[in-house]
Amino acid sequence: MPGTVTISIELELGWGLATYGKLDKLSEGRAAETRYLSRLLERCDDHDVPITFDVVGHLFHEHCAGHHGGPHADDWWDVDPGTSVDEDPAFYAPDLIEDIRSRRTAHELCTHTYSHVECDAVDPAVVAWELDRCRRVHERNGLPAATSIVPPRHGLTPSETLLDGGIRVERVPHYRARGERRPATPVRKLTEILFERHPSASPCEVDGVVETYSPEYTTLAVPYLRTGRYPPHPVYQPIPRAVRRRLHAWNLRRGVDAAAAGGDVHFWCHLYDLANEQQWPQIDDFLGYLAKRRDHGAVEIRPMRELPAVCEASEPDAVEPAEQLGIVIE
Ligand SMILES: [Zn+2]
Ligand SMILES: [Zn+2]
């Protein structure tokens, strides 16, 4: 059976940045994000590649009054501008969601919560409220409720809360599949980002929710090139940019190769990460390569919503997730 490739892209814009004082990572009026999303969607149609878009529910709105209630901390909605998509397009993006929906390719609209809450840092009642609000927003927009979640900043939530909210699939950092807590040291993490062979771990059902495993750091767009408007970490800058771009292209292709060797590889990034000319050409190339390998039967491309089927098809009572983490060498 061929392995699977899953691609998820976080569509959160200002919601994932404002709290951390990083709104300037976005382009002016998020024009670059709008433009690169369109280019990405065109390429996906060219190659018939479906993507899971992890959408913050608030982005569905054209406008709002700046407060949404809920059992959140009193100051939670302070970042909400309470305006409209024309005034603050980083907090409202019905046009981007419409662009995704209007394409020939059946992309998935997964949830990234309603207002980008870190699920492990709040009471489960807040997460339940957020999932309910997302369901209502989907319904108002004529969409089925999301069945997958990408929790903001890898903050996991109790599975009962997810199941009650209709969620069946969750993206989880791969170190958890190994039973580890975090990558060892910052230096170890930086070299891992550059050179680690693509980890692949089969989706696995844990307490009723199918977990799909991705690296903690972004792998579709990469941290060693410009992400949004931010330059890469200084540690990467002595390496010539052309070399870093070749490394990016090589890492993307070998991730596909790892899946072709029987693995399950999950690539991800934020929309703003890829919205520049340092990242995009390699991703463009990767989509073509991925489609070619898929057309030859080497891999399947599965959005997150289809992963329960992958999970069911794999061996019952198989090895523990920790043992499933196969590192594939070319
Ligand atoms: Zn609002
Ligand atoms: Zn996010």
# chains A, B, ... in the order shown; residues from 1 in each chain; ligands from 1
>>> residues_around(residues="stretch 127-134 of chain A", least_positions_apart="2", cutoff="10 Å", atoms="only C-alpha atoms", output="NGL selection string")
:A and (55-58 or 60 or 68-72 or 110-125 or 136-140 or 145-146 or 149 or 151 or 157-158 or 160-167)
>>> write_last_selection(atoms="C-alpha atoms", output="PDB file, in the first residue's frame")
ATOM      1  CA  VAL A  55      -9.153  28.106   9.383  1.00  0.00           C
ATOM      2  CA  VAL A  56      -9.688  30.336  12.405  1.00  0.00           C
ATOM      3  CA  GLY A  57     -13.498  30.615  12.576  1.00  0.00           C
ATOM      4  CA  HIS A  58     -13.506  34.381  13.092  1.00  0.00           C
ATOM      5  CA  PHE A  60     -15.382  33.855   8.106  1.00  0.00           C
ATOM      6  CA  HIS A  68     -17.980  37.536  21.196  1.00  0.00           C
ATOM      7  CA  GLY A  69     -18.714  36.564  24.798  1.00  0.00           C
ATOM      8  CA  GLY A  70     -17.732  33.050  25.799  1.00  0.00           C
ATOM      9  CA  PRO A  71     -16.053  31.763  28.964  1.00  0.00           C
ATOM     10  CA  HIS A  72     -12.703  33.342  28.029  1.00  0.00           C
ATOM     11  CA  CYS A 110     -10.486  22.166   9.046  1.00  0.00           C
ATOM     12  CA  THR A 111     -10.834  24.157  12.259  1.00  0.00           C
ATOM     13  CA  HIS A 112      -8.044  26.063  13.960  1.00  0.00           C
ATOM     14  CA  THR A 113     -10.496  27.139  16.726  1.00  0.00           C
ATOM     15  CA  TYR A 114     -12.649  30.261  16.506  1.00  0.00           C
ATOM     16  CA  SER A 115     -10.156  32.787  17.886  1.00  0.00           C
ATOM     17  CA  HIS A 116      -6.817  30.904  18.004  1.00  0.00           C
ATOM     18  CA  VAL A 117      -6.951  29.816  21.648  1.00  0.00           C
ATOM     19  CA  GLU A 118      -4.133  27.649  22.924  1.00  0.00           C
ATOM     20  CA  CYS A 119      -6.274  24.673  23.895  1.00  0.00           C
ATOM     21  CA  ASP A 120      -3.961  23.380  26.632  1.00  0.00           C
ATOM     22  CA  ALA A 121      -3.775  26.806  28.307  1.00  0.00           C
ATOM     23  CA  VAL A 122      -7.513  27.329  28.788  1.00  0.00           C
ATOM     24  CA  ASP A 123     -10.341  25.495  30.476  1.00  0.00           C
ATOM     25  CA  PRO A 124     -11.877  22.780  28.234  1.00  0.00           C
ATOM     26  CA  ALA A 125     -15.124  24.819  28.455  1.00  0.00           C
ATOM     27  CA  ARG A 136     -22.281  27.639  13.783  1.00  0.00           C
ATOM     28  CA  VAL A 137     -20.092  29.728  11.503  1.00  0.00           C
ATOM     29  CA  HIS A 138     -19.663  26.786   9.117  1.00  0.00           C
ATOM     30  CA  GLU A 139     -23.399  26.180   9.164  1.00  0.00           C
ATOM     31  CA  ARG A 140     -24.210  29.827   8.425  1.00  0.00           C
ATOM     32  CA  ALA A 145     -18.967  21.128  10.427  1.00  0.00           C
ATOM     33  CA  ALA A 146     -15.230  20.569  10.491  1.00  0.00           C
ATOM     34  CA  ILE A 149      -8.639  20.221  14.140  1.00  0.00           C
ATOM     35  CA  PRO A 151      -4.815  23.066  17.643  1.00  0.00           C
ATOM     36  CA  THR A 157      -7.048  19.339  24.433  1.00  0.00           C
ATOM     37  CA  PRO A 158      -8.834  16.411  26.120  1.00  0.00           C
ATOM     38  CA  GLU A 160     -13.744  14.074  25.100  1.00  0.00           C
ATOM     39  CA  THR A 161     -13.947  17.794  24.341  1.00  0.00           C
ATOM     40  CA  LEU A 162     -12.912  17.165  20.746  1.00  0.00           C
ATOM     41  CA  LEU A 163     -15.310  14.256  20.268  1.00  0.00           C
ATOM     42  CA  ASP A 164     -18.189  16.271  21.758  1.00  0.00           C
ATOM     43  CA  GLY A 165     -17.329  19.004  19.267  1.00  0.00           C
ATOM     44  CA  GLY A 166     -17.562  16.558  16.338  1.00  0.00           C
ATOM     45  CA  ILE A 167     -13.793  16.323  15.826  1.00  0.00           C
TER      46      ILE A 167
END
>>> closest_atom_pairs(of="stretch 79-141 of chain A", to="stretch 296-316 of chain A", cutoff="10 Å", atoms="only C-alpha atoms", output="Markdown table")
| residue | atom | partner | partner_atom | distance |
| --- | --- | --- | --- | --- |
| A:Ala106 | CA | A:Pro303 | CA | 9.5 |
| A:His107 | CA | A:Pro303 | CA | 7.6 |
| A:Glu108 | CA | A:Pro303 | CA | 6.6 |
| A:Leu109 | CA | A:Arg305 | CA | 9.2 |
| A:Cys110 | CA | A:Met304 | CA | 8.0 |
>>> write_last_selection(atoms="N, CA and C atoms", output="PDB file, in the first residue's frame")
ATOM      1  N   ALA A 106     -11.342  19.764  -4.219  1.00  0.00           N
ATOM      2  CA  ALA A 106     -12.121  19.731  -2.974  1.00  0.00           C
ATOM      3  C   ALA A 106     -11.177  19.825  -1.773  1.00  0.00           C
ATOM      4  N   HIS A 107     -10.794  21.055  -1.439  1.00  0.00           N
ATOM      5  CA  HIS A 107      -9.938  21.259  -0.270  1.00  0.00           C
ATOM      6  C   HIS A 107     -10.769  21.063   0.994  1.00  0.00           C
ATOM      7  N   GLU A 108     -10.068  20.819   2.080  1.00  0.00           N
ATOM      8  CA  GLU A 108     -10.769  20.658   3.365  1.00  0.00           C
ATOM      9  C   GLU A 108     -10.689  21.953   4.172  1.00  0.00           C
ATOM     10  N   LEU A 109     -11.799  22.343   4.786  1.00  0.00           N
ATOM     11  CA  LEU A 109     -11.777  23.451   5.742  1.00  0.00           C
ATOM     12  C   LEU A 109     -11.824  22.839   7.140  1.00  0.00           C
ATOM     13  N   CYS A 110     -10.669  22.742   7.713  1.00  0.00           N
ATOM     14  CA  CYS A 110     -10.486  22.166   9.046  1.00  0.00           C
ATOM     15  C   CYS A 110     -10.577  23.321  10.043  1.00  0.00           C
TER      16      CYS A 110
END
>>> closest_residue(among="A:Ala249, A:Cys269, A:Ile97, A:Val5", to="ligand 2", atoms="only C-alpha atoms and all ligand atoms")
A:Cys269
>>> closest_residue(among="A:Gly16, A:Cys44, A:Thr83, A:Pro2", to="ligand 1", atoms="only C-alpha atoms and all ligand atoms")
A:Thr83
>>> residues_near_ligand(ligand="ligand 2", cutoff="6 Å", atoms="only C-alpha atoms and all ligand atoms", output="list in words")
Glu10, Glu12, Gly16, Pro152 and Arg153 of chain A
>>> write_last_selection(atoms="C-alpha atoms", output="compact mmCIF listing (two decimals), in the first residue's frame")
# COMPACT_ATOMS: atom_id res chain seq x y z
CA GLU A 10 -2.88 27.37 8.91
CA GLU A 12 -5.13 32.43 10.93
CA GLY A 16 -2.11 33.83 15.46
CA PRO A 152 -3.07 26.46 17.73
CA ARG A 153 0.58 26.22 18.83
>>> closest_residue(among="A:Arg35, A:Arg294, A:His67, A:Arg241", to="ligand 1", atoms="only C-alpha atoms and all ligand atoms")
A:His67
